[in-house]
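Accompanying notes for the structure given below.
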Amino acid sequence: MQKRILVLALLCCMLLGACAPAAVPQTAAPERPQTSGSASYTLSVDPETCCVSVLDKAGNTVLSTNPDDPQEDEFTPAASLNNLRSQLIVSYYSELNVDSTIGSYLSSVKKKTFTVTWLDDARVRIDYDFSRKDEQFIIPVEYRLEDDCFQVRVLTDEIQEYGAKRISRISVTPYLLRGSAQDSGYLLLPDGSGATVDFFYINPDAAAYTAQIYGRNPAEALYYEEGNPESAMLAVFGADYRDRSVLARVDGNAAAGWINARATGSACSYAYAYASFDYRVFDTVTLTGTDWQVKEYVAASELVETEDFSVSYYLLDRGGLSALAEKCRDTAGTLPQAPEKALTAALYAYGATTQRAAVLGIPYTKTVVATEFSDVSEMLDRLNADGSIAVLLRDFDKAALNESYPESVKWSGACGGKSGFAALTSAHPETSVYCVEDLLYEPASAFLWARQSHFAKMVSRENLARYTYSPVTYAYTATDLYGMSLSRLISHAGKALDKASCGVAMNYLGSELYGDYGSADGTTRSTYLRAIAELLAEKGSGNAVEGGNEYALGVSDLNYNVPVSSSGYAMQTQSVPFLQMVYHGRVLLVSTALNLTQDPQTELLNCIASGTVPCFAVTAMENENLRRSEYKNLFGTCFAAQEETLTALLDRTGDYYKAIYNQQITDYVCENGVSVTTFADGVRVIVNFNRQAASFEDRQIAAMDFEIIQ
């Protein structure tokens, strides 16, 4: 009896311990920088309109927050003029008024409820008092000059809401980077690998582009999303005016930020790009009343941002992607050293899965092996791998098979066990091998109700389940993975990285970012970002990180699932490898598995043009057997069916990747479907994206083909 009581007491202690909230890692917010002004530019403010301008020493305007005296035209309706005259556009809500927006001109400047305070010659503060009946809040903004940089900083912790409305999002100087159809140049967007939007292309039907910096937040809107843009991997955007350019970097609270853009003629006579940020996160709940009328109610987070949101605009005296990429590198902080060895390809190998079977009509699920360690070793042998092919192992360990969070790597006997792994690494000692683990999310357990403190909370107070995007339904569907609270995430990810017996490929840590909006110990995305960045900086060496988000680039041996093209959003003119222009030569960048994409041939050409290492999903199982397993989405990955193609590709591109792995991209141009990429050592690659042959410098490049000039 006493033993039973003791066991019961211990069980209660364990459950209470699981329910107790864990401490959230504390990370200090960045301090506000000082400024000594600029020797080349001066700051000017129109006291009537609050338009802020940067002037050169001759008194010419080189940058201004608003167009001069905007007028209604065929593309600019009268309703847009108030926004064109505004330095801020604010979204706000009340209990039933979910999404309203107002510009600072109509609600503050026109009503003369603003205050201009010069702090010194290089800094001016404007307090915008939105004082109409429907909007009652004060937003202070500081404009400053530092050398060639014009910075706009929202003093977030000084925002005042003195009415019933609550601020959700603030758009900052939306018309500062702009160009009309009469201008020569384009906008630069960090969409996927990068994209441009030409000023001269009038596109009245183009939808607005909106991408959350560092990926969509699964803790906010849960179900639907307009379009399917790639994440904004870099916290930058820009404009190229041919003879000069401007790079904008979101350098204050980028995790709360968004990159937005409109094409010429779609909202007004300008194409423009700008940043906005979430001040307070909210979701909506749809309820049907007794009168059968559907109403939307707001479920708001208790958290508001306190860290300043700022955007710095760097003025460059030359144009072109190369100039913008160089400034992006200069402002990215300390970059990693060049990789120690070249990488020519990566294999994403899938191990064990399940398959449905039946005995005497009774169904059951059995484990089947798509690829064993010995299969991977044989693949490397047949491809004549010399250590320049990396291997990512998915579902080769017991932890992944049992859907339990990994404390350490425990190799599955079904795939060959520890002896199989030892044989693989012994046969290929120069090959980098990584075990793929989902370190950002934790599977649900049998005692889910007792583990609530382990999981982050969404705005609607549900457990933060991971949502996967379906291109068929344009909806997000929940998986059985739950986002962990920050303290648990850092603790468990740290232990997994410490105990792993091989390199770990960290799924999601470099591609997704969420917030914890629980009322007790909620945590913003910016706090998550700093904590994850510190974790990766400490334990990233020897491992791999998924995705190309800027905070994760360069803190590990390689980054995989890196985009090699933009999303192809309708307003875009051209996809460009801007991310690679910034980081190639400093970071090993590996693409997503090309043979799992919609257009593998084009994606391969994008890899070649951007210097990104191509990745291929492989299995040893025959395609017909794959179709009958839970790996049915991997149909076509059988290595035997790909071997000839892979061998030919590696023979053709191996020397190319070995020559450029530590070389910066110095130039990239693409005209009429033919791109030319130039590397620092002089190597060039010509890629023909057209469906017919093309000429370049007296060379004939076959359709959908490339030529390397060394």
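Ligands are numbered from 1 in the order shown, chains are lettered A, B, ... in the order of the structure tokens, and residues start at 1 in each chain.
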
Item checked: DSSP-assigned helix (DSSP H, G or I) members of region 109-358 of chain A, reported as a ChimeraX atom specification -> /A:109,156-158,254-256,321-330

Kindly export the residues of the current selection with all heavy atoms, as a tab-separated table (two decimals), in the first residue's frame.
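In the end it all went to again_26.tsv:
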```
chain	number	residue	atom	x	y	z
A	109	VAL	N	-1.81	65.01	-39.99
A	109	VAL	CA	-1.19	66.18	-40.62
A	109	VAL	C	-2.23	67.20	-41.05
A	109	VAL	O	-2.11	68.41	-40.78
A	109	VAL	CB	-0.32	65.73	-41.82
A	109	VAL	CG1	0.24	66.94	-42.55
A	109	VAL	CG2	0.79	64.82	-41.34
A	156	THR	N	8.67	52.53	-30.68
A	156	THR	CA	7.54	51.64	-30.41
A	156	THR	C	7.07	51.72	-28.97
A	156	THR	O	5.86	51.73	-28.70
A	156	THR	CB	7.92	50.20	-30.76
A	156	THR	OG1	8.50	50.18	-32.07
A	156	THR	CG2	6.70	49.30	-30.75
A	157	ASP	N	8.00	51.77	-28.02
A	157	ASP	CA	7.58	51.75	-26.62
A	157	ASP	C	6.97	53.06	-26.16
A	157	ASP	O	6.47	53.18	-25.04
A	157	ASP	CB	8.75	51.36	-25.71
A	157	ASP	CG	9.90	52.35	-25.78
A	157	ASP	OD1	9.88	53.24	-26.67
A	157	ASP	OD2	10.83	52.25	-24.96
A	158	GLU	N	6.95	54.08	-27.04
A	158	GLU	CA	6.33	55.36	-26.71
A	158	GLU	C	4.98	55.55	-27.41
A	158	GLU	O	4.38	56.63	-27.33
A	158	GLU	CB	7.27	56.51	-27.05
A	158	GLU	CG	8.57	56.49	-26.26
A	158	GLU	CD	9.45	57.68	-26.55
A	158	GLU	OE1	8.90	58.80	-26.67
A	158	GLU	OE2	10.68	57.50	-26.68
A	254	ALA	N	13.08	43.10	-37.18
A	254	ALA	CA	12.70	42.52	-38.47
A	254	ALA	C	11.73	41.36	-38.32
A	254	ALA	O	10.93	41.09	-39.22
A	254	ALA	CB	13.95	42.07	-39.22
A	255	ALA	N	11.79	40.64	-37.19
A	255	ALA	CA	10.92	39.48	-37.01
A	255	ALA	C	9.44	39.87	-36.98
A	255	ALA	O	8.58	39.02	-37.22
A	255	ALA	CB	11.29	38.75	-35.72
A	256	ALA	N	9.15	41.12	-36.66
A	256	ALA	CA	7.76	41.59	-36.67
A	256	ALA	C	7.39	42.25	-37.99
A	256	ALA	O	6.29	42.78	-38.14
A	256	ALA	CB	7.54	42.59	-35.53
A	321	LEU	N	22.26	45.23	-59.67
A	321	LEU	CA	22.13	44.22	-58.62
A	321	LEU	C	23.41	44.05	-57.83
A	321	LEU	O	23.39	43.81	-56.62
A	321	LEU	CB	21.73	42.88	-59.24
A	321	LEU	CG	20.25	42.66	-59.58
A	321	LEU	CD1	20.08	41.32	-60.28
A	321	LEU	CD2	19.39	42.72	-58.34
A	322	SER	N	24.55	44.17	-58.52
A	322	SER	CA	25.83	43.98	-57.83
A	322	SER	C	26.05	45.03	-56.76
A	322	SER	O	26.56	44.72	-55.67
A	322	SER	CB	26.98	44.01	-58.84
A	322	SER	OG	26.87	42.95	-59.77
A	323	ALA	N	25.67	46.27	-57.05
A	323	ALA	CA	25.82	47.34	-56.06
A	323	ALA	C	24.92	47.09	-54.86
A	323	ALA	O	25.33	47.26	-53.70
A	323	ALA	CB	25.50	48.69	-56.69
A	324	LEU	N	23.68	46.66	-55.12
A	324	LEU	CA	22.75	46.38	-54.03
A	324	LEU	C	23.23	45.18	-53.21
A	324	LEU	O	23.13	45.19	-51.97
A	324	LEU	CB	21.36	46.11	-54.60
A	324	LEU	CG	20.65	47.32	-55.22
A	324	LEU	CD1	19.45	46.87	-56.05
A	324	LEU	CD2	20.21	48.31	-54.15
A	325	ALA	N	23.76	44.15	-53.87
A	325	ALA	CA	24.25	42.97	-53.15
A	325	ALA	C	25.47	43.32	-52.30
A	325	ALA	O	25.61	42.84	-51.17
A	325	ALA	CB	24.60	41.86	-54.14
A	326	GLU	N	26.34	44.16	-52.83
A	326	GLU	CA	27.53	44.56	-52.06
A	326	GLU	C	27.13	45.31	-50.80
A	326	GLU	O	27.67	45.06	-49.72
A	326	GLU	CB	28.44	45.42	-52.93
A	326	GLU	CG	29.71	45.87	-52.24
A	326	GLU	CD	30.59	46.72	-53.13
A	326	GLU	OE1	30.39	46.70	-54.37
A	326	GLU	OE2	31.47	47.41	-52.60
A	327	LYS	N	26.18	46.23	-50.92
A	327	LYS	CA	25.73	46.97	-49.74
A	327	LYS	C	25.00	46.05	-48.76
A	327	LYS	O	25.12	46.20	-47.54
A	327	LYS	CB	24.83	48.14	-50.15
A	327	LYS	CG	24.25	48.94	-48.99
A	327	LYS	CD	25.34	49.49	-48.07
A	327	LYS	CE	26.14	50.59	-48.71
A	327	LYS	NZ	27.06	51.24	-47.73
A	328	CYS	N	24.27	45.08	-49.28
A	328	CYS	CA	23.60	44.11	-48.41
A	328	CYS	C	24.62	43.33	-47.60
A	328	CYS	O	24.43	43.10	-46.41
A	328	CYS	CB	22.73	43.18	-49.24
A	328	CYS	SG	21.66	42.09	-48.27
A	329	ARG	N	25.72	42.92	-48.24
A	329	ARG	CA	26.79	42.23	-47.51
A	329	ARG	C	27.40	43.13	-46.45
A	329	ARG	O	27.66	42.72	-45.32
A	329	ARG	CB	27.88	41.75	-48.47
A	329	ARG	CG	27.60	40.46	-49.18
A	329	ARG	CD	28.84	39.92	-49.87
A	329	ARG	NE	29.37	40.86	-50.84
A	329	ARG	CZ	28.97	40.93	-52.11
A	329	ARG	NH1	28.05	40.10	-52.55
A	329	ARG	NH2	29.49	41.80	-52.93
A	330	ASP	N	27.65	44.39	-46.82
A	330	ASP	CA	28.29	45.32	-45.91
A	330	ASP	C	27.45	45.58	-44.66
A	330	ASP	O	27.99	45.87	-43.59
A	330	ASP	CB	28.56	46.66	-46.61
A	330	ASP	CG	29.61	46.53	-47.70
A	330	ASP	OD1	30.36	45.52	-47.69
A	330	ASP	OD2	29.68	47.42	-48.57
```

Output as JSON lines one row per residue of region 570-660 of chain A within 12 Å of region 354-369 of chain A: the closest atom pair and its distance in Å to one decimal place, counting only C-alpha atoms, sorted by chain and residue number ascending.
```
{"residue": "A:Thr619", "atom": "CA", "partner": "A:Val369", "partner_atom": "CA", "distance": 9.2}
{"residue": "A:Ala620", "atom": "CA", "partner": "A:Val369", "partner_atom": "CA", "distance": 8.7}
{"residue": "A:Met621", "atom": "CA", "partner": "A:Val369", "partner_atom": "CA", "distance": 7.7}
{"residue": "A:Glu622", "atom": "CA", "partner": "A:Val369", "partner_atom": "CA", "distance": 11.1}
{"residue": "A:Asn625", "atom": "CA", "partner": "A:Gln355", "partner_atom": "CA", "distance": 9.5}
{"residue": "A:Leu626", "atom": "CA", "partner": "A:Gln355", "partner_atom": "CA", "distance": 9.2}
{"residue": "A:Arg627", "atom": "CA", "partner": "A:Gln355", "partner_atom": "CA", "distance": 9.8}
{"residue": "A:Arg628", "atom": "CA", "partner": "A:Gln355", "partner_atom": "CA", "distance": 6.8}
{"residue": "A:Ser629", "atom": "CA", "partner": "A:Gln355", "partner_atom": "CA", "distance": 4.5}
{"residue": "A:Glu630", "atom": "CA", "partner": "A:Thr354", "partner_atom": "CA", "distance": 5.8}
{"residue": "A:Tyr631", "atom": "CA", "partner": "A:Thr354", "partner_atom": "CA", "distance": 8.1}
{"residue": "A:Lys632", "atom": "CA", "partner": "A:Gln355", "partner_atom": "CA", "distance": 10.0}
```

For C-alpha atoms, I'd like the residues from the last selection saved as a PDB file, in the first residue's frame.
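What follows is the written file result-v2.pdb:
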```pdb
ATOM      1  CA  THR A 619      15.453   5.948 -52.243  1.00  0.00           C
ATOM      2  CA  ALA A 620      16.550   2.405 -52.957  1.00  0.00           C
ATOM      3  CA  MET A 621      12.973   1.133 -53.127  1.00  0.00           C
ATOM      4  CA  GLU A 622      11.345   0.607 -56.500  1.00  0.00           C
ATOM      5  CA  ASN A 625       6.577  -0.155 -53.921  1.00  0.00           C
ATOM      6  CA  LEU A 626       6.974   3.491 -52.924  1.00  0.00           C
ATOM      7  CA  ARG A 627       3.506   4.141 -54.293  1.00  0.00           C
ATOM      8  CA  ARG A 628       2.009   1.657 -51.827  1.00  0.00           C
ATOM      9  CA  SER A 629       3.800   3.104 -48.774  1.00  0.00           C
ATOM     10  CA  GLU A 630       3.524   6.332 -46.788  1.00  0.00           C
ATOM     11  CA  TYR A 631       6.303   7.565 -49.093  1.00  0.00           C
ATOM     12  CA  LYS A 632       3.920   7.672 -52.037  1.00  0.00           C
TER      13      LYS A 632
END
```

Note to self: Using DSSP assignments from the backbone, pull out every residue in region 385-587 of chain A that falls under strand (DSSP E) and give it to me as an MDAnalysis selection string.
What the structure shows: chainID A and resid 389:394 433:438 441:443 465:470 475:483 503:507 544:546 558:562 574:575

Next, the residues of the selection above should be written as a compact mmCIF listing (two decimals), in the first residue's frame with N, CA and C atoms.
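In the end it all went to part.txt:
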```
# COMPACT_ATOMS: atom_id res chain seq x y z
N ILE A 389 29.98 15.16 -52.05
CA ILE A 389 28.53 14.96 -52.05
C ILE A 389 28.08 14.80 -50.59
N ALA A 390 27.23 15.70 -50.13
CA ALA A 390 26.70 15.62 -48.76
C ALA A 390 25.48 14.71 -48.75
N VAL A 391 25.23 14.09 -47.59
CA VAL A 391 24.09 13.18 -47.44
C VAL A 391 23.23 13.64 -46.28
N LEU A 392 21.94 13.80 -46.54
CA LEU A 392 20.95 14.12 -45.52
C LEU A 392 20.07 12.90 -45.32
N LEU A 393 20.04 12.35 -44.12
CA LEU A 393 19.32 11.11 -43.83
C LEU A 393 18.01 11.41 -43.13
N ARG A 394 16.92 11.05 -43.74
CA ARG A 394 15.60 11.28 -43.17
C ARG A 394 14.97 9.95 -42.78
N VAL A 433 27.73 13.76 -43.43
CA VAL A 433 26.47 13.04 -43.22
C VAL A 433 25.68 13.74 -42.12
N TYR A 434 24.41 14.02 -42.38
CA TYR A 434 23.56 14.71 -41.42
C TYR A 434 22.26 13.94 -41.22
N CYS A 435 21.83 13.83 -39.97
CA CYS A 435 20.54 13.23 -39.63
C CYS A 435 19.51 14.33 -39.54
N VAL A 436 18.44 14.26 -40.31
CA VAL A 436 17.42 15.29 -40.34
C VAL A 436 16.50 15.15 -39.13
N GLU A 437 16.37 16.21 -38.34
CA GLU A 437 15.52 16.19 -37.15
C GLU A 437 14.66 17.45 -37.11
N ASP A 438 13.42 17.31 -36.63
CA ASP A 438 12.49 18.43 -36.52
C ASP A 438 12.66 19.09 -35.14
N TYR A 441 9.62 21.71 -33.48
CA TYR A 441 8.29 21.24 -33.11
C TYR A 441 8.41 19.91 -32.36
N GLU A 442 7.39 19.63 -31.57
CA GLU A 442 7.37 18.41 -30.77
C GLU A 442 6.08 17.65 -31.04
N PRO A 443 6.16 16.34 -31.32
CA PRO A 443 4.93 15.57 -31.54
C PRO A 443 4.08 15.48 -30.28
N ALA A 465 -0.13 24.17 -33.23
CA ALA A 465 0.18 23.06 -34.13
C ALA A 465 0.84 23.59 -35.38
N ARG A 466 1.70 22.78 -35.98
CA ARG A 466 2.32 23.20 -37.23
C ARG A 466 1.33 22.99 -38.36
N TYR A 467 1.28 23.99 -39.26
CA TYR A 467 0.36 23.91 -40.38
C TYR A 467 1.16 23.80 -41.68
N THR A 468 0.76 22.89 -42.54
CA THR A 468 1.43 22.70 -43.82
C THR A 468 0.55 23.23 -44.94
N TYR A 469 1.20 23.86 -45.91
CA TYR A 469 0.46 24.49 -47.00
C TYR A 469 0.08 23.48 -48.07
N SER A 470 -1.15 23.55 -48.52
CA SER A 470 -1.62 22.68 -49.61
C SER A 470 -1.84 23.52 -50.85
N ALA A 475 -4.90 26.11 -48.60
CA ALA A 475 -5.20 26.15 -47.18
C ALA A 475 -4.06 25.51 -46.40
N TYR A 476 -4.04 25.79 -45.11
CA TYR A 476 -3.06 25.19 -44.22
C TYR A 476 -3.76 24.11 -43.39
N THR A 477 -3.20 22.93 -43.39
CA THR A 477 -3.78 21.83 -42.62
C THR A 477 -2.84 21.46 -41.48
N ALA A 478 -3.41 21.11 -40.34
CA ALA A 478 -2.61 20.84 -39.15
C ALA A 478 -1.94 19.48 -39.23
N THR A 479 -0.73 19.40 -38.69
CA THR A 479 -0.05 18.13 -38.51
C THR A 479 -0.12 17.77 -37.03
N ASP A 480 0.55 16.68 -36.64
CA ASP A 480 0.56 16.30 -35.24
C ASP A 480 1.78 16.86 -34.52
N LEU A 481 2.43 17.85 -35.13
CA LEU A 481 3.57 18.50 -34.49
C LEU A 481 3.13 19.80 -33.84
N TYR A 482 3.62 20.05 -32.62
CA TYR A 482 3.24 21.24 -31.87
C TYR A 482 4.45 22.13 -31.64
N GLY A 483 4.25 23.43 -31.80
CA GLY A 483 5.32 24.38 -31.51
C GLY A 483 5.61 24.43 -30.03
N GLY A 503 26.34 14.69 -37.57
CA GLY A 503 25.81 16.01 -37.86
C GLY A 503 24.29 15.99 -37.88
N VAL A 504 23.66 17.07 -37.44
CA VAL A 504 22.20 17.17 -37.41
C VAL A 504 21.76 18.22 -38.43
N ALA A 505 20.84 17.83 -39.29
CA ALA A 505 20.19 18.77 -40.21
C ALA A 505 18.94 19.28 -39.51
N MET A 506 18.97 20.54 -39.12
CA MET A 506 17.93 21.10 -38.24
C MET A 506 16.75 21.62 -39.06
N ASN A 507 15.73 20.81 -39.17
CA ASN A 507 14.52 21.22 -39.89
C ASN A 507 13.84 22.39 -39.18
N ALA A 544 23.79 21.23 -40.08
CA ALA A 544 23.17 21.89 -41.22
C ALA A 544 21.87 22.53 -40.77
N VAL A 545 21.49 23.62 -41.44
CA VAL A 545 20.27 24.34 -41.10
C VAL A 545 19.39 24.45 -42.33
N GLU A 546 18.09 24.22 -42.14
CA GLU A 546 17.16 24.32 -43.26
C GLU A 546 16.83 25.78 -43.56
N LEU A 558 26.37 23.92 -43.70
CA LEU A 558 25.63 24.19 -44.93
C LEU A 558 24.19 24.54 -44.61
N ASN A 559 23.56 25.22 -45.56
CA ASN A 559 22.12 25.52 -45.51
C ASN A 559 21.45 24.76 -46.64
N TYR A 560 20.41 23.98 -46.32
CA TYR A 560 19.71 23.19 -47.34
C TYR A 560 18.28 23.71 -47.49
N ASN A 561 17.61 23.27 -48.54
CA ASN A 561 16.27 23.77 -48.90
C ASN A 561 16.28 25.28 -49.11
N VAL A 562 17.35 25.75 -49.73
CA VAL A 562 17.48 27.18 -50.04
C VAL A 562 16.79 27.45 -51.37
N GLN A 574 11.04 39.61 -63.05
CA GLN A 574 12.11 38.62 -63.24
C GLN A 574 12.54 38.06 -61.90
N SER A 575 12.86 36.77 -61.89
CA SER A 575 13.47 36.14 -60.73
C SER A 575 14.97 36.34 -60.82
```

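Near region 164-174 of chain A, within 6 Å and counting only C-alpha atoms, sit Thr65, Gln87, Leu88, Ile89, Val90, Ser91, Tyr92, Tyr93, Ser94, Tyr274, Ser276, Phe277, Asp278, Tyr279 and Arg280 of chain A; same-chain residues fewer than 6 positions away were not included.
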
Margin query: Just want the 6 Å neighbourhood of region 444-460 of chain A, counted on only C-alpha atoms, with same-chain residues fewer than 2 positions away dropped. Output as a list of chain:residue names.
Written below: A:Ala18, A:Cys19, A:Pro21, A:Ala219, A:Ala299, A:Ser301, A:Glu462, A:Asn463, A:Leu464, A:Gly483, A:Met484, A:Ser485, A:Asp516, A:Tyr517, A:Gly518

Margin query: At a cut-off of 9 Å, using only C-alpha atoms, what residues contact Asn203 (chain A)? Leave out same-chain residues fewer than 6 positions from it and give the result as an NGL selection string.
Written below: :A and (263-266 or 571)

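The interatomic distance for the pair CA of Gln692 (chain A) and CA of Thr196 (chain A) works out to 24.2 Å.
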
Next item on the list: Considering only C-alpha atoms, return as number ranges by chain whatever protein or nucleic-acid residues lie within 12 Å of Lys418 (chain A), sequence-local ones (same chain, fewer than 6 positions apart) excluded.
Entry: A: 372-374, 396-398, 409-412, 424-426, 501-502

Save out the residues we just selected, N, CA, C and O atoms, as a PDB file, in the first residue's frame.
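Result saved to out-v9.pdb:
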```pdb
ATOM      1  N   GLU A 372      18.531   1.770 -47.015  1.00  0.00           N
ATOM      2  CA  GLU A 372      19.386   1.394 -45.903  1.00  0.00           C
ATOM      3  C   GLU A 372      20.714   2.145 -45.990  1.00  0.00           C
ATOM      4  O   GLU A 372      21.048   2.739 -47.023  1.00  0.00           O
ATOM      5  N   PHE A 373      21.478   2.115 -44.903  1.00  0.00           N
ATOM      6  CA  PHE A 373      22.799   2.732 -44.910  1.00  0.00           C
ATOM      7  C   PHE A 373      23.665   2.150 -46.021  1.00  0.00           C
ATOM      8  O   PHE A 373      24.396   2.876 -46.709  1.00  0.00           O
ATOM      9  N   SER A 374      23.574   0.834 -46.206  1.00  0.00           N
ATOM     10  CA  SER A 374      24.379   0.191 -47.246  1.00  0.00           C
ATOM     11  C   SER A 374      23.980   0.683 -48.631  1.00  0.00           C
ATOM     12  O   SER A 374      24.823   0.797 -49.531  1.00  0.00           O
ATOM     13  N   PHE A 396      15.985   7.646 -40.665  1.00  0.00           N
ATOM     14  CA  PHE A 396      16.914   6.542 -40.479  1.00  0.00           C
ATOM     15  C   PHE A 396      17.069   6.184 -39.003  1.00  0.00           C
ATOM     16  O   PHE A 396      17.750   5.237 -38.677  1.00  0.00           O
ATOM     17  N   ASP A 397      16.467   6.960 -38.099  1.00  0.00           N
ATOM     18  CA  ASP A 397      16.674   6.730 -36.672  1.00  0.00           C
ATOM     19  C   ASP A 397      15.359   6.357 -36.004  1.00  0.00           C
ATOM     20  O   ASP A 397      14.277   6.698 -36.467  1.00  0.00           O
ATOM     21  N   LYS A 398      15.458   5.663 -34.885  1.00  0.00           N
ATOM     22  CA  LYS A 398      14.269   5.196 -34.179  1.00  0.00           C
ATOM     23  C   LYS A 398      13.395   6.351 -33.714  1.00  0.00           C
ATOM     24  O   LYS A 398      12.177   6.250 -33.684  1.00  0.00           O
ATOM     25  N   VAL A 409      20.598  10.606 -31.172  1.00  0.00           N
ATOM     26  CA  VAL A 409      20.340   9.835 -32.377  1.00  0.00           C
ATOM     27  C   VAL A 409      20.413   8.346 -32.053  1.00  0.00           C
ATOM     28  O   VAL A 409      21.408   7.861 -31.533  1.00  0.00           O
ATOM     29  N   LYS A 410      19.348   7.606 -32.329  1.00  0.00           N
ATOM     30  CA  LYS A 410      19.290   6.163 -32.090  1.00  0.00           C
ATOM     31  C   LYS A 410      18.976   5.494 -33.415  1.00  0.00           C
ATOM     32  O   LYS A 410      17.849   5.524 -33.882  1.00  0.00           O
ATOM     33  N   TRP A 411      19.978   4.935 -34.042  1.00  0.00           N
ATOM     34  CA  TRP A 411      19.805   4.423 -35.382  1.00  0.00           C
ATOM     35  C   TRP A 411      18.873   3.221 -35.408  1.00  0.00           C
ATOM     36  O   TRP A 411      18.956   2.333 -34.583  1.00  0.00           O
ATOM     37  N   SER A 412      17.983   3.211 -36.401  1.00  0.00           N
ATOM     38  CA  SER A 412      16.996   2.154 -36.528  1.00  0.00           C
ATOM     39  C   SER A 412      17.629   0.877 -37.059  1.00  0.00           C
ATOM     40  O   SER A 412      18.349   0.889 -38.056  1.00  0.00           O
ATOM     41  N   LEU A 424      28.901   3.042 -43.195  1.00  0.00           N
ATOM     42  CA  LEU A 424      28.771   4.134 -44.163  1.00  0.00           C
ATOM     43  C   LEU A 424      29.871   5.167 -43.967  1.00  0.00           C
ATOM     44  O   LEU A 424      30.556   5.563 -44.916  1.00  0.00           O
ATOM     45  N   THR A 425      30.047   5.632 -42.738  1.00  0.00           N
ATOM     46  CA  THR A 425      31.038   6.673 -42.474  1.00  0.00           C
ATOM     47  C   THR A 425      32.469   6.147 -42.626  1.00  0.00           C
ATOM     48  O   THR A 425      33.372   6.911 -42.959  1.00  0.00           O
ATOM     49  N   SER A 426      32.657   4.855 -42.392  1.00  0.00           N
ATOM     50  CA  SER A 426      33.985   4.267 -42.577  1.00  0.00           C
ATOM     51  C   SER A 426      34.342   4.173 -44.055  1.00  0.00           C
ATOM     52  O   SER A 426      35.482   4.428 -44.453  1.00  0.00           O
ATOM     53  N   SER A 501      25.260  11.782 -32.385  1.00  0.00           N
ATOM     54  CA  SER A 501      26.514  11.119 -32.733  1.00  0.00           C
ATOM     55  C   SER A 501      26.945  11.418 -34.163  1.00  0.00           C
ATOM     56  O   SER A 501      27.910  10.842 -34.653  1.00  0.00           O
ATOM     57  N   CYS A 502      26.218  12.295 -34.853  1.00  0.00           N
ATOM     58  CA  CYS A 502      26.610  12.720 -36.192  1.00  0.00           C
ATOM     59  C   CYS A 502      26.101  14.143 -36.391  1.00  0.00           C
ATOM     60  O   CYS A 502      25.508  14.731 -35.494  1.00  0.00           O
TER      61      CYS A 502
END
```

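Interatomic distance, CA of Phe199 (chain A) to CA of Tyr313 (chain A): 19.0 Å.
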
Restrict the calculation to only C-alpha atoms, then for each residue of region 333-388 of chain A with any atom at most 7 Å from an atom of region 577-591 of chain A give the closest atom pair and their distance in Å to one decimal, rows by chain and rising residue number, as JSON lines.
```
{"residue": "A:Pro336", "atom": "CA", "partner": "A:Arg586", "partner_atom": "CA", "distance": 5.8}
{"residue": "A:Gln337", "atom": "CA", "partner": "A:Arg586", "partner_atom": "CA", "distance": 5.7}
{"residue": "A:Ala338", "atom": "CA", "partner": "A:Arg586", "partner_atom": "CA", "distance": 4.3}
{"residue": "A:Pro339", "atom": "CA", "partner": "A:Arg586", "partner_atom": "CA", "distance": 6.2}
```

Excluding Val687 (chain A) and its own-chain neighbours fewer than 3 positions away, which residues fall within 10 Å of it when counting only C-alpha atoms? Please give them as a PDB file with C-alpha atoms, in the first residue's frame.
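Written file, result04.pdb:
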```pdb
ATOM      1  CA  LEU A 605      19.128  25.670 -64.398  1.00  0.00           C
ATOM      2  CA  ASN A 606      18.429  28.074 -61.533  1.00  0.00           C
ATOM      3  CA  ILE A 608      23.574  26.387 -62.109  1.00  0.00           C
ATOM      4  CA  ALA A 609      22.928  30.113 -62.654  1.00  0.00           C
ATOM      5  CA  CYS A 670      19.565  38.099 -67.663  1.00  0.00           C
ATOM      6  CA  GLY A 673      15.889  34.425 -71.237  1.00  0.00           C
ATOM      7  CA  VAL A 674      19.696  34.058 -71.229  1.00  0.00           C
ATOM      8  CA  SER A 675      21.531  34.688 -67.954  1.00  0.00           C
ATOM      9  CA  VAL A 676      25.230  35.329 -67.381  1.00  0.00           C
ATOM     10  CA  THR A 677      26.682  34.820 -63.893  1.00  0.00           C
ATOM     11  CA  ARG A 684      31.211  32.493 -66.001  1.00  0.00           C
ATOM     12  CA  ASN A 690      14.354  29.435 -73.379  1.00  0.00           C
ATOM     13  CA  ALA A 694      20.062  30.978 -78.155  1.00  0.00           C
ATOM     14  CA  PHE A 696      25.822  34.302 -76.791  1.00  0.00           C
ATOM     15  CA  ILE A 701      23.460  27.424 -76.187  1.00  0.00           C
ATOM     16  CA  ALA A 702      20.935  24.620 -76.607  1.00  0.00           C
ATOM     17  CA  ALA A 703      17.389  25.063 -75.339  1.00  0.00           C
ATOM     18  CA  MET A 704      17.116  24.728 -71.544  1.00  0.00           C
ATOM     19  CA  ASP A 705      20.855  24.191 -71.279  1.00  0.00           C
ATOM     20  CA  PHE A 706      23.991  25.898 -70.024  1.00  0.00           C
ATOM     21  CA  GLU A 707      27.666  26.402 -70.794  1.00  0.00           C
ATOM     22  CA  ILE A 708      30.478  26.958 -68.319  1.00  0.00           C
TER      23      ILE A 708
END
```
